[in-house]
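File shown: my_file.pdb. Contents: PDB, C-alpha atoms.
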ATOM      1  CA  MET A   1       2.177 -13.322  11.095
ATOM      2  CA  ALA A   2       0.946 -14.993  14.263
ATOM      3  CA  ILE A   3       2.939 -12.603  16.435
ATOM      4  CA  THR A   4       0.933  -9.644  15.161
ATOM      5  CA  LEU A   5      -2.431 -11.390  14.858
ATOM      6  CA  TRP A   6      -2.652 -12.947  18.322
ATOM      7  CA  PRO A   7      -2.878  -9.646  20.281
ATOM      8  CA  ALA A   8      -5.576  -8.443  17.866
ATOM      9  CA  PHE A   9      -7.543 -11.616  18.469
ATOM     10  CA  LEU A  10      -7.248 -11.311  22.240
ATOM     11  CA  ALA A  11      -8.341  -7.671  22.078
ATOM     12  CA  ALA A  12     -11.406  -8.731  20.130
ATOM     13  CA  GLN A  13     -12.445 -10.982  22.979
ATOM     14  CA  GLU A  14     -12.849  -7.909  25.184
ATOM     15  CA  VAL A  15     -14.760  -5.953  22.544
ATOM     16  CA  ALA A  16     -16.888  -8.831  21.288
ATOM     17  CA  PRO A  17     -17.210 -11.520  23.988
ATOM     18  CA  VAL A  18     -18.688 -14.905  23.280
ATOM     19  CA  PRO A  19     -22.472 -15.042  23.848
ATOM     20  CA  ALA A  20     -23.289 -16.116  27.384
ATOM     21  CA  GLU A  21     -25.014 -19.312  26.312
ATOM     22  CA  GLU A  22     -21.793 -20.722  24.905
ATOM     23  CA  GLY A  23     -20.251 -20.498  28.338
ATOM     24  CA  ARG A  24     -16.782 -19.961  29.690
ATOM     25  CA  GLU A  25     -15.609 -23.485  28.846
ATOM     26  CA  LYS A  26     -16.578 -23.219  25.195
ATOM     27  CA  ASP A  27     -14.950 -19.802  25.044
ATOM     28  CA  SER A  28     -11.715 -21.341  26.319
ATOM     29  CA  ILE A  29     -11.899 -24.099  23.712
ATOM     30  CA  TYR A  30     -12.550 -21.547  20.965
ATOM     31  CA  ILE A  31      -9.492 -19.489  21.937
ATOM     32  CA  SER A  32      -7.339 -22.610  22.184
ATOM     33  CA  LEU A  33      -8.348 -23.747  18.692
ATOM     34  CA  VAL A  34      -7.677 -20.315  17.215
ATOM     35  CA  ARG A  35      -4.264 -20.286  18.889
ATOM     36  CA  GLN A  36      -3.451 -23.568  17.153
ATOM     37  CA  GLY A  37      -4.172 -21.922  13.828
ATOM     38  CA  LEU A  38      -1.987 -18.930  14.678
ATOM     39  CA  ASP A  39       0.794 -21.243  15.796
ATOM     40  CA  ALA A  40       0.596 -22.959  12.415
ATOM     41  CA  LEU A  41       0.944 -19.582  10.714
ATOM     42  CA  ALA A  42       4.035 -18.890  12.807
ATOM     43  CA  ILE A  43       5.800 -21.765  11.025
ATOM     44  CA  ASP A  44       4.255 -20.914   7.632
ATOM     45  CA  SER A  45       1.936 -23.929   7.662
ATOM     46  CA  MET A  46      -0.728 -21.952   5.865
ATOM     47  CA  GLN A  47      -2.904 -24.876   4.839
ATOM     48  CA  GLN A  48      -2.912 -26.234   8.381
ATOM     49  CA  ALA A  49      -3.770 -22.800   9.723
ATOM     50  CA  GLU A  50      -6.631 -22.401   7.259
ATOM     51  CA  ASP A  51      -7.957 -25.865   8.124
ATOM     52  CA  ASN A  52      -7.865 -24.939  11.804
ATOM     53  CA  PHE A  53      -9.711 -21.667  11.283
ATOM     54  CA  ARG A  54     -12.368 -23.269   9.107
ATOM     55  CA  ALA A  55     -12.867 -26.023  11.680
ATOM     56  CA  VAL A  56     -13.410 -23.357  14.342
ATOM     57  CA  LEU A  57     -15.918 -21.553  12.116
ATOM     58  CA  GLN A  58     -17.802 -24.777  11.572
ATOM     59  CA  ARG A  59     -17.822 -25.651  15.260
ATOM     60  CA  TYR A  60     -18.721 -22.158  16.483
ATOM     61  CA  PRO A  61     -20.605 -20.500  13.587
ATOM     62  CA  MET A  62     -22.141 -17.801  15.813
ATOM     63  CA  HIS A  63     -19.050 -16.703  17.726
ATOM     64  CA  ALA A  64     -18.690 -12.925  17.819
ATOM     65  CA  SER A  65     -14.988 -13.052  16.908
ATOM     66  CA  ASN A  66     -15.427 -15.053  13.711
ATOM     67  CA  PHE A  67     -14.918 -11.917  11.627
ATOM     68  CA  LEU A  68     -11.238 -12.124  12.599
ATOM     69  CA  LEU A  69     -10.978 -15.708  11.396
ATOM     70  CA  TYR A  70     -12.256 -14.677   7.982
ATOM     71  CA  LYS A  71      -9.615 -11.942   8.016
ATOM     72  CA  TYR A  72      -6.881 -14.477   8.808
ATOM     73  CA  ILE A  73      -8.070 -16.779   6.038
ATOM     74  CA  ALA A  74      -8.108 -13.833   3.640
ATOM     75  CA  LYS A  75      -4.498 -13.038   4.582
ATOM     76  CA  ILE A  76      -3.559 -16.649   3.882
ATOM     77  CA  LYS A  77      -5.241 -16.482   0.479
ATOM     78  CA  GLU A  78      -3.345 -13.308  -0.342
ATOM     79  CA  ARG A  79      -0.073 -15.007   0.530
ATOM     80  CA  GLN A  80      -1.107 -17.900  -1.706
ATOM     81  CA  ASN A  81      -1.724 -15.435  -4.553
ATOM     82  CA  ASN A  82      -5.444 -16.164  -4.605
ATOM     83  CA  PRO A  83      -6.992 -12.677  -4.537
ATOM     84  CA  LEU A  84     -10.554 -13.737  -5.404
ATOM     85  CA  GLU A  85     -10.801 -16.080  -2.409
ATOM     86  CA  ALA A  86      -9.108 -13.450  -0.249
ATOM     87  CA  LEU A  87     -11.712 -10.913  -1.325
ATOM     88  CA  GLU A  88     -14.532 -13.349  -0.574
ATOM     89  CA  ASN A  89     -13.261 -13.905   2.954
ATOM     90  CA  TYR A  90     -12.711 -10.215   3.655
ATOM     91  CA  THR A  91     -16.316  -9.664   2.610
ATOM     92  CA  LEU A  92     -17.567 -12.481   4.845
ATOM     93  CA  GLY A  93     -15.728 -10.876   7.737
ATOM     94  CA  LEU A  94     -17.208  -7.470   6.981
ATOM     95  CA  ASN A  95     -20.677  -8.965   6.795
ATOM     96  CA  LEU A  96     -20.189  -9.959  10.434
ATOM     97  CA  ARG A  97     -18.446  -6.754  11.544
ATOM     98  CA  PRO A  98     -19.073  -3.930   9.010
ATOM     99  CA  GLN A  99     -17.640  -1.307  11.367
ATOM    100  CA  ASP A 100     -14.216  -2.967  11.637
ATOM    101  CA  MET A 101     -11.805  -0.422  10.154
ATOM    102  CA  GLU A 102      -8.786  -2.699   9.711
ATOM    103  CA  LEU A 103     -10.819  -5.302   7.878
ATOM    104  CA  ARG A 104     -12.296  -2.691   5.543
ATOM    105  CA  LEU A 105      -8.882  -1.155   4.906
ATOM    106  CA  ASP A 106      -7.470  -4.592   4.097
ATOM    107  CA  ARG A 107     -10.260  -5.231   1.614
ATOM    108  CA  ALA A 108      -9.846  -1.791   0.065
ATOM    109  CA  ALA A 109      -6.115  -2.335  -0.414
ATOM    110  CA  LEU A 110      -6.747  -5.705  -2.047
ATOM    111  CA  LEU A 111      -9.396  -4.242  -4.353
ATOM    112  CA  TYR A 112      -6.961  -1.518  -5.375
ATOM    113  CA  ARG A 113      -4.234  -4.076  -6.166
ATOM    114  CA  MET A 114      -6.783  -6.034  -8.199
ATOM    115  CA  GLY A 115      -7.474  -2.935 -10.283
ATOM    116  CA  ASN A 116     -10.980  -2.371  -8.938
ATOM    117  CA  GLU A 117     -10.479   1.254  -7.951
ATOM    118  CA  ALA A 118     -14.191   2.068  -7.812
ATOM    119  CA  ARG A 119     -14.899  -0.541  -5.125
ATOM    120  CA  ALA A 120     -11.707   0.350  -3.283
ATOM    121  CA  LEU A 121     -12.782   3.991  -3.282
ATOM    122  CA  SER A 122     -16.153   2.986  -1.836
ATOM    123  CA  ASP A 123     -14.438   1.202   1.062
ATOM    124  CA  TYR A 124     -12.110   4.142   1.724
ATOM    125  CA  ASN A 125     -15.138   6.459   1.722
ATOM    126  CA  ASP A 126     -16.834   4.215   4.281
ATOM    127  CA  VAL A 127     -13.744   4.297   6.489
ATOM    128  CA  LEU A 128     -13.554   8.084   6.311
ATOM    129  CA  ASP A 129     -17.251   8.416   7.079
ATOM    130  CA  MET A 130     -16.504   6.683  10.376
ATOM    131  CA  GLN A 131     -12.969   8.012  10.918
ATOM    132  CA  PRO A 132     -12.513  11.305   9.008
ATOM    133  CA  GLU A 133      -8.828  11.519   9.958
ATOM    134  CA  ASN A 134      -7.783   7.974   9.045
ATOM    135  CA  MET A 135      -4.411   8.546   7.367
ATOM    136  CA  GLU A 136      -4.288   5.360   5.309
ATOM    137  CA  ALA A 137      -7.737   5.964   3.851
ATOM    138  CA  LEU A 138      -7.011   9.645   3.140
ATOM    139  CA  GLN A 139      -3.718   8.813   1.428
ATOM    140  CA  MET A 140      -5.180   6.083  -0.742
ATOM    141  CA  ARG A 141      -8.328   8.038  -1.612
ATOM    142  CA  ALA A 142      -6.209  10.991  -2.674
ATOM    143  CA  HIS A 143      -4.078   8.676  -4.804
ATOM    144  CA  ILE A 144      -7.155   7.159  -6.461
ATOM    145  CA  TYR A 145      -8.725  10.568  -7.088
ATOM    146  CA  SER A 146      -5.452  11.729  -8.608
ATOM    147  CA  GLY A 147      -5.423   8.740 -10.957
ATOM    148  CA  MET A 148      -9.033   9.516 -11.896
ATOM    149  CA  ARG A 149      -7.967  13.080 -12.769
ATOM    150  CA  ASP A 150     -10.172  14.497 -10.028
ATOM    151  CA  ALA A 151      -7.615  17.063  -8.937
ATOM    152  CA  LYS A 152      -9.967  19.005  -6.670
ATOM    153  CA  LYS A 153     -10.860  16.018  -4.486
ATOM    154  CA  ALA A 154      -7.308  14.664  -4.498
ATOM    155  CA  ARG A 155      -5.906  18.027  -3.419
ATOM    156  CA  ALA A 156      -8.474  18.308  -0.633
ATOM    157  CA  ASP A 157      -7.410  14.948   0.802
ATOM    158  CA  TYR A 158      -3.694  15.702   0.536
ATOM    159  CA  GLU A 159      -4.222  19.055   2.221
ATOM    160  CA  THR A 160      -6.194  17.382   5.003
ATOM    161  CA  ILE A 161      -3.300  15.002   5.629
ATOM    162  CA  LEU A 162      -0.798  17.844   5.677
ATOM    163  CA  ARG A 163      -2.966  19.837   8.066
ATOM    164  CA  LEU A 164      -2.896  16.871  10.433
ATOM    165  CA  GLU A 165       0.733  15.905   9.742
ATOM    166  CA  PRO A 166       2.613  18.887   8.248
ATOM    167  CA  LEU A 167       5.716  16.800   7.427
ATOM    168  CA  ASN A 168       3.953  13.797   5.892
ATOM    169  CA  GLU A 169       6.345  12.983   3.039
ATOM    170  CA  LYS A 170       3.999  10.727   1.045
ATOM    171  CA  ALA A 171       1.253  13.338   1.053
ATOM    172  CA  TYR A 172       3.678  16.051  -0.028
ATOM    173  CA  ILE A 173       4.918  13.911  -2.902
ATOM    174  CA  GLY A 174       1.360  13.185  -3.968
ATOM    175  CA  LEU A 175       0.405  16.860  -3.848
ATOM    176  CA  ILE A 176       3.549  17.908  -5.725
ATOM    177  CA  LEU A 177       2.959  15.429  -8.542
ATOM    178  CA  LEU A 178      -0.695  16.447  -8.668
ATOM    179  CA  ASN A 179       0.257  20.115  -8.998
ATOM    180  CA  ASP A 180       2.869  19.258 -11.621
ATOM    181  CA  ARG A 181       0.250  17.534 -13.778
ATOM    182  CA  ASN A 182      -2.495  20.090 -13.277
ATOM    183  CA  GLY A 183      -1.231  23.469 -14.334
ATOM    184  CA  ARG A 184       0.864  24.363 -11.305
ATOM    185  CA  PRO A 185       4.406  23.447 -12.446
ATOM    186  CA  ARG A 186       6.175  26.342 -10.734
ATOM    187  CA  GLU A 187       4.422  25.685  -7.443
ATOM    188  CA  ALA A 188       5.216  21.977  -7.758
ATOM    189  CA  MET A 189       8.947  22.587  -8.255
ATOM    190  CA  GLU A 190       9.069  25.051  -5.373
ATOM    191  CA  GLN A 191       7.354  22.493  -3.147
ATOM    192  CA  MET A 192       9.801  19.777  -4.227
ATOM    193  CA  ASP A 193      12.780  22.016  -3.466
ATOM    194  CA  ALA A 194      11.310  22.703  -0.031
ATOM    195  CA  LEU A 195      10.691  19.017   0.619
ATOM    196  CA  ILE A 196      14.277  18.123  -0.275
ATOM    197  CA  ALA A 197      15.438  20.824   2.129
ATOM    198  CA  VAL A 198      13.499  19.025   4.879
ATOM    199  CA  TYR A 199      14.597  15.513   3.838
ATOM    200  CA  PRO A 200      18.002  15.992   2.148
ATOM    201  CA  ASP A 201      18.992  12.349   2.655
ATOM    202  CA  HIS A 202      15.958  10.803   0.918
ATOM    203  CA  ALA A 203      17.131   9.530  -2.460
ATOM    204  CA  VAL A 204      13.657   9.105  -3.902
ATOM    205  CA  LEU A 205      13.048  12.852  -3.721
ATOM    206  CA  TYR A 206      16.040  13.556  -5.974
ATOM    207  CA  ALA A 207      14.776  10.909  -8.389
ATOM    208  CA  ILE A 208      11.318  12.495  -8.489
ATOM    209  CA  ARG A 209      12.746  15.982  -8.972
ATOM    210  CA  GLY A 210      14.977  14.604 -11.707
ATOM    211  CA  GLY A 211      11.899  13.287 -13.483
ATOM    212  CA  MET A 212      10.197  16.666 -13.166
ATOM    213  CA  GLU A 213      13.273  18.393 -14.582
ATOM    214  CA  GLN A 214      13.414  15.896 -17.432
ATOM    215  CA  GLU A 215       9.804  16.744 -18.342
ATOM    216  CA  ARG A 216      10.872  20.398 -18.490
ATOM    217  CA  LYS A 217      13.851  19.443 -20.713
ATOM    218  CA  GLN A 218      16.233  20.640 -18.004
ATOM    219  CA  TYR A 219      18.456  17.705 -18.784
ATOM    220  CA  GLU A 220      21.628  18.663 -16.940
ATOM    221  CA  ALA A 221      19.727  19.386 -13.729
ATOM    222  CA  ALA A 222      17.841  16.107 -14.143
ATOM    223  CA  LEU A 223      21.090  14.204 -14.654
ATOM    224  CA  ALA A 224      22.574  15.730 -11.504
ATOM    225  CA  ASP A 225      19.538  14.747  -9.423
ATOM    226  CA  LEU A 226      19.219  11.205 -10.798
ATOM    227  CA  SER A 227      22.944  10.624 -10.362
ATOM    228  CA  ARG A 228      22.673  11.885  -6.796
ATOM    229  CA  ALA A 229      19.833   9.442  -6.148
ATOM    230  CA  ILE A 230      21.951   6.580  -7.518
ATOM    231  CA  GLU A 231      24.906   7.601  -5.372
ATOM    232  CA  MET A 232      22.670   7.488  -2.314
ATOM    233  CA  GLU A 233      20.991   4.174  -3.241
ATOM    234  CA  PRO A 234      23.279   2.364  -5.706
ATOM    235  CA  THR A 235      21.210  -0.846  -5.628
ATOM    236  CA  ASN A 236      17.889   0.762  -6.604
ATOM    237  CA  ALA A 237      17.051  -0.552 -10.081
ATOM    238  CA  ASP A 238      14.323   2.037 -10.664
ATOM    239  CA  PHE A 239      16.805   4.885 -10.442
ATOM    240  CA  TYR A 240      18.956   3.354 -13.190
ATOM    241  CA  VAL A 241      15.877   2.927 -15.377
ATOM    242  CA  SER A 242      14.970   6.582 -14.843
ATOM    243  CA  ARG A 243      18.468   7.734 -15.738
ATOM    244  CA  ALA A 244      18.478   5.483 -18.808
ATOM    245  CA  THR A 245      15.323   7.185 -20.102
ATOM    246  CA  LEU A 246      16.994  10.531 -19.472
ATOM    247  CA  PHE A 247      20.101   9.485 -21.388
ATOM    248  CA  LEU A 248      17.885   8.445 -24.299
ATOM    249  CA  ASP A 249      16.272  11.888 -24.296
ATOM    250  CA  MET A 250      19.799  13.338 -24.284
ATOM    251  CA  ARG A 251      20.726  11.061 -27.240
ATOM    252  CA  LYS A 252      23.338   9.259 -25.169
ATOM    253  CA  ARG A 253      22.515   5.657 -26.051
ATOM    254  CA  LYS A 254      25.772   4.195 -24.766
ATOM    255  CA  GLN A 255      25.197   5.535 -21.263
ATOM    256  CA  ALA A 256      21.560   4.471 -21.445
ATOM    257  CA  MET A 257      22.627   0.934 -22.339
ATOM    258  CA  LEU A 258      24.984   0.799 -19.357
ATOM    259  CA  ASP A 259      22.197   1.881 -17.028
ATOM    260  CA  THR A 260      19.708  -0.656 -18.419
ATOM    261  CA  ARG A 261      22.266  -3.424 -17.959
ATOM    262  CA  MET A 262      22.799  -2.358 -14.361
ATOM    263  CA  ALA A 263      19.028  -2.208 -13.830
ATOM    264  CA  VAL A 264      18.667  -5.788 -15.100
ATOM    265  CA  LYS A 265      21.490  -6.881 -12.831
ATOM    266  CA  LEU A 266      19.570  -5.363  -9.910
ATOM    267  CA  GLY A 267      16.296  -7.076 -10.817
ATOM    268  CA  ALA A 268      14.629  -5.066 -13.592
ATOM    269  CA  ASP A 269      12.742  -6.989 -16.294
ATOM    270  CA  PRO A 270      15.159  -7.720 -19.199
ATOM    271  CA  LYS A 271      12.323  -7.578 -21.764
ATOM    272  CA  GLU A 272      11.213  -4.169 -20.540
ATOM    273  CA  MET A 273      14.782  -2.880 -20.713
ATOM    274  CA  ALA A 274      15.199  -4.251 -24.229
ATOM    275  CA  SER A 275      11.953  -2.561 -25.237
ATOM    276  CA  LEU A 276      13.156   0.704 -23.727
ATOM    277  CA  MET A 277      16.324   0.617 -25.805
ATOM    278  CA  LYS A 278      14.327   0.152 -29.013
ATOM    279  CA  LYS A 279      12.741   3.567 -28.643
TER
END
Transcribe the structure of this file into structure tokens.
Amino acid sequence: MAITLWPAFLAAQEVAPVPAEEGREKDSIYISLVRQGLDALAIDSMQQAEDNFRAVLQRYPMHASNFLLYKYIAKIKERQNNPLEALENYTLGLNLRPQDMELRLDRAALLYRMGNEARALSDYNDVLDMQPENMEALQMRAHIYSGMRDAKKARADYETILRLEPLNEKAYIGLILLNDRNGRPREAMEQMDALIAVYPDHAVLYAIRGGMEQERKQYEAALADLSRAIEMEPTNADFYVSRATLFLDMRKRKQAMLDTRMAVKLGADPKEMASLMKK
């Protein structure tokens, strides 16, 4: 963590230097104290790192780079599985530097994981107001719009991504699934076939196409695709779960049971697999 955070902190010193009245000596002390916190993170001493950062904030409450310290504390809280405190610290950082894109993207991602899609969407909108071609924000906003059944807005974002990056796989998958759910099944399947032609060694694409074929009751084609995905990634538990659901649709409970057992062996939830087999 420290390896990636230290360059960002140093870069911030050029963008947001310490006020002149604090002086060069105090600036040097500030940087030294922050480095101690980052060094603690490097050895996973998260509590020590947090204590260091909070001590710096208390000693230099007006320093222009304090928004980064709140970001570091928020990251620590996320690693400690404390999302509410992480959110509070991201917000404190943004109060100091509302135009910081990385900080806003971090908060948006956390809000999304917490299930607060409306607030996450607001942050992604703010990012795109400032950076209309920010790929992360476009991808996540499209995903949220898709989940909200706002196909028009989701499609617009996916198409923007693909205009900027014509071979963006995640955007293509999102657009294909959107089309599949919103009255464009033929177009969706044609797009999936084309995407597999571009990325023939990506197992997840065969798994997705298998799911689409299963929805169309094209069971043999679905079985071929899901089996191909498993051959390519034999330790992917999700693929075995998908094939198990297909076998159940095909009334092949014995094969479904074998796949659920393999999925559990690879890390799938035993209770969920037991529930699946009761259907």
> If you count only C-alpha atoms, which residues fall within 7 Å of range 122-135 of chain A, apart from same-chain ones fewer than 2 positions away, as a PyMOL selection string?
Replying inline: chain A and resi 101+104-105+108+118-120+137-139+141+161
> Between CA of Pro166 in chain A and CA of Asp193 in chain A, what is the distance, to one decimal in Å?
Replying inline: 15.8 Å
> Once the PyMOL selection byres ((chain A and resi 208) around 10) has been applied to the shown file, what residues remain in the selection, as a PyMOL selection string?
Replying inline: chain A and resi 173+176-177+192+203-207+209-214+222+225-226+229+239+242
Can those selected residues be exported to a file as a tab-separated table (two decimals), in the frame of the given file so that it contains C-alpha atoms?
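Output file out-v5.tsv is given in full below:
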chain	number	residue	atom	x	y	z
A	173	ILE	CA	4.92	13.91	-2.90
A	176	ILE	CA	3.55	17.91	-5.72
A	177	LEU	CA	2.96	15.43	-8.54
A	192	MET	CA	9.80	19.78	-4.23
A	203	ALA	CA	17.13	9.53	-2.46
A	204	VAL	CA	13.66	9.10	-3.90
A	205	LEU	CA	13.05	12.85	-3.72
A	206	TYR	CA	16.04	13.56	-5.97
A	207	ALA	CA	14.78	10.91	-8.39
A	209	ARG	CA	12.75	15.98	-8.97
A	210	GLY	CA	14.98	14.60	-11.71
A	211	GLY	CA	11.90	13.29	-13.48
A	212	MET	CA	10.20	16.67	-13.17
A	213	GLU	CA	13.27	18.39	-14.58
A	214	GLN	CA	13.41	15.90	-17.43
A	222	ALA	CA	17.84	16.11	-14.14
A	225	ASP	CA	19.54	14.75	-9.42
A	226	LEU	CA	19.22	11.20	-10.80
A	229	ALA	CA	19.83	9.44	-6.15
A	239	PHE	CA	16.80	4.88	-10.44
A	242	SER	CA	14.97	6.58	-14.84
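If you look at CA of Met277 in chain A and CA of Thr235 in chain A, they are 20.8 Å away from each other.
Omitting Met114 in chain A and its sequence neighbours fewer than 3 positions away, and counting all atoms listed in the file, the residues within 10 Å are A:Pro83, A:Leu84, A:Leu87, A:Ala108, A:Ala109, A:Leu110, A:Leu111, A:Glu117, A:Ala120.
Against the coordinates shown, the PyMOL selection byres ((chain A and resi 96) around 12) returns Ala16, Pro61, Met62, His63, Ala64, Ser65, Asn66, Phe67, Leu68, Leu69, Tyr70, Lys71, Asn89, Tyr90, Thr91, Leu92, Gly93, Leu94, Asn95, Arg97, Pro98, Gln99, Asp100, Leu103 and Arg104 of chain A.
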Output as an mmCIF file, in the frame of the given file: range 159-182 of chain A, completed with N, CA and C atoms.
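Below is the file part-v4.cif, written as the result:
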data_model
loop_
_atom_site.group_PDB
_atom_site.id
_atom_site.type_symbol
_atom_site.label_atom_id
_atom_site.label_comp_id
_atom_site.auth_asym_id
_atom_site.auth_seq_id
_atom_site.Cartn_x
_atom_site.Cartn_y
_atom_site.Cartn_z
ATOM 1 N N GLU A 159 -4.315 17.907 1.325
ATOM 2 C CA GLU A 159 -4.222 19.055 2.221
ATOM 3 C C GLU A 159 -4.742 18.718 3.615
ATOM 4 N N THR A 160 -5.722 17.831 3.691
ATOM 5 C CA THR A 160 -6.194 17.382 5.003
ATOM 6 C C THR A 160 -5.092 16.629 5.736
ATOM 7 N N ILE A 161 -4.408 15.752 5.017
ATOM 8 C CA ILE A 161 -3.300 15.002 5.629
ATOM 9 C C ILE A 161 -2.233 15.961 6.138
ATOM 10 N N LEU A 162 -1.876 16.929 5.306
ATOM 11 C CA LEU A 162 -0.798 17.844 5.677
ATOM 12 C C LEU A 162 -1.208 18.798 6.795
ATOM 13 N N ARG A 163 -2.498 19.055 6.918
ATOM 14 C CA ARG A 163 -2.966 19.837 8.066
ATOM 15 C C ARG A 163 -2.786 19.044 9.353
ATOM 16 N N LEU A 164 -3.025 17.732 9.260
ATOM 17 C CA LEU A 164 -2.896 16.871 10.433
ATOM 18 C C LEU A 164 -1.446 16.492 10.707
ATOM 19 N N GLU A 165 -0.683 16.288 9.629
ATOM 20 C CA GLU A 165 0.733 15.905 9.742
ATOM 21 C C GLU A 165 1.535 16.759 8.763
ATOM 22 N N PRO A 166 1.971 17.940 9.172
ATOM 23 C CA PRO A 166 2.613 18.887 8.248
ATOM 24 C C PRO A 166 3.851 18.361 7.537
ATOM 25 N N LEU A 167 4.508 17.330 8.071
ATOM 26 C CA LEU A 167 5.716 16.800 7.427
ATOM 27 C C LEU A 167 5.488 15.405 6.853
ATOM 28 N N ASN A 168 4.255 15.106 6.486
ATOM 29 C CA ASN A 168 3.953 13.797 5.892
ATOM 30 C C ASN A 168 4.529 13.744 4.475
ATOM 31 N N GLU A 169 5.601 12.986 4.304
ATOM 32 C CA GLU A 169 6.345 12.983 3.039
ATOM 33 C C GLU A 169 5.509 12.430 1.882
ATOM 34 N N LYS A 170 4.794 11.329 2.117
ATOM 35 C CA LYS A 170 3.999 10.727 1.045
ATOM 36 C C LYS A 170 2.935 11.685 0.541
ATOM 37 N N ALA A 171 2.287 12.387 1.459
ATOM 38 C CA ALA A 171 1.253 13.338 1.053
ATOM 39 C C ALA A 171 1.850 14.496 0.264
ATOM 40 N N TYR A 172 3.023 14.971 0.704
ATOM 41 C CA TYR A 172 3.678 16.051 -0.028
ATOM 42 C C TYR A 172 4.029 15.616 -1.442
ATOM 43 N N ILE A 173 4.562 14.408 -1.569
ATOM 44 C CA ILE A 173 4.918 13.911 -2.902
ATOM 45 C C ILE A 173 3.675 13.823 -3.778
ATOM 46 N N GLY A 174 2.596 13.289 -3.208
ATOM 47 C CA GLY A 174 1.360 13.185 -3.968
ATOM 48 C C GLY A 174 0.854 14.545 -4.419
ATOM 49 N N LEU A 175 0.877 15.518 -3.514
ATOM 50 C CA LEU A 175 0.405 16.860 -3.848
ATOM 51 C C LEU A 175 1.303 17.520 -4.890
ATOM 52 N N ILE A 176 2.603 17.328 -4.760
ATOM 53 C CA ILE A 176 3.549 17.908 -5.725
ATOM 54 C C ILE A 176 3.316 17.345 -7.126
ATOM 55 N N LEU A 177 3.182 16.038 -7.227
ATOM 56 C CA LEU A 177 2.959 15.429 -8.542
ATOM 57 C C LEU A 177 1.604 15.842 -9.106
ATOM 58 N N LEU A 178 0.621 15.978 -8.227
ATOM 59 C CA LEU A 178 -0.695 16.447 -8.668
ATOM 60 C C LEU A 178 -0.591 17.861 -9.234
ATOM 61 N N ASN A 179 0.089 18.742 -8.517
ATOM 62 C CA ASN A 179 0.257 20.115 -8.998
ATOM 63 C C ASN A 179 1.033 20.153 -10.309
ATOM 64 N N ASP A 180 2.038 19.280 -10.422
ATOM 65 C CA ASP A 180 2.869 19.258 -11.621
ATOM 66 C C ASP A 180 2.058 18.865 -12.851
ATOM 67 N N ARG A 181 1.062 18.009 -12.651
ATOM 68 C CA ARG A 181 0.250 17.534 -13.778
ATOM 69 C C ARG A 181 -0.942 18.443 -14.067
ATOM 70 N N ASN A 182 -1.259 19.337 -13.159
ATOM 71 C CA ASN A 182 -2.495 20.090 -13.277
ATOM 72 C C ASN A 182 -2.291 21.601 -13.260
#
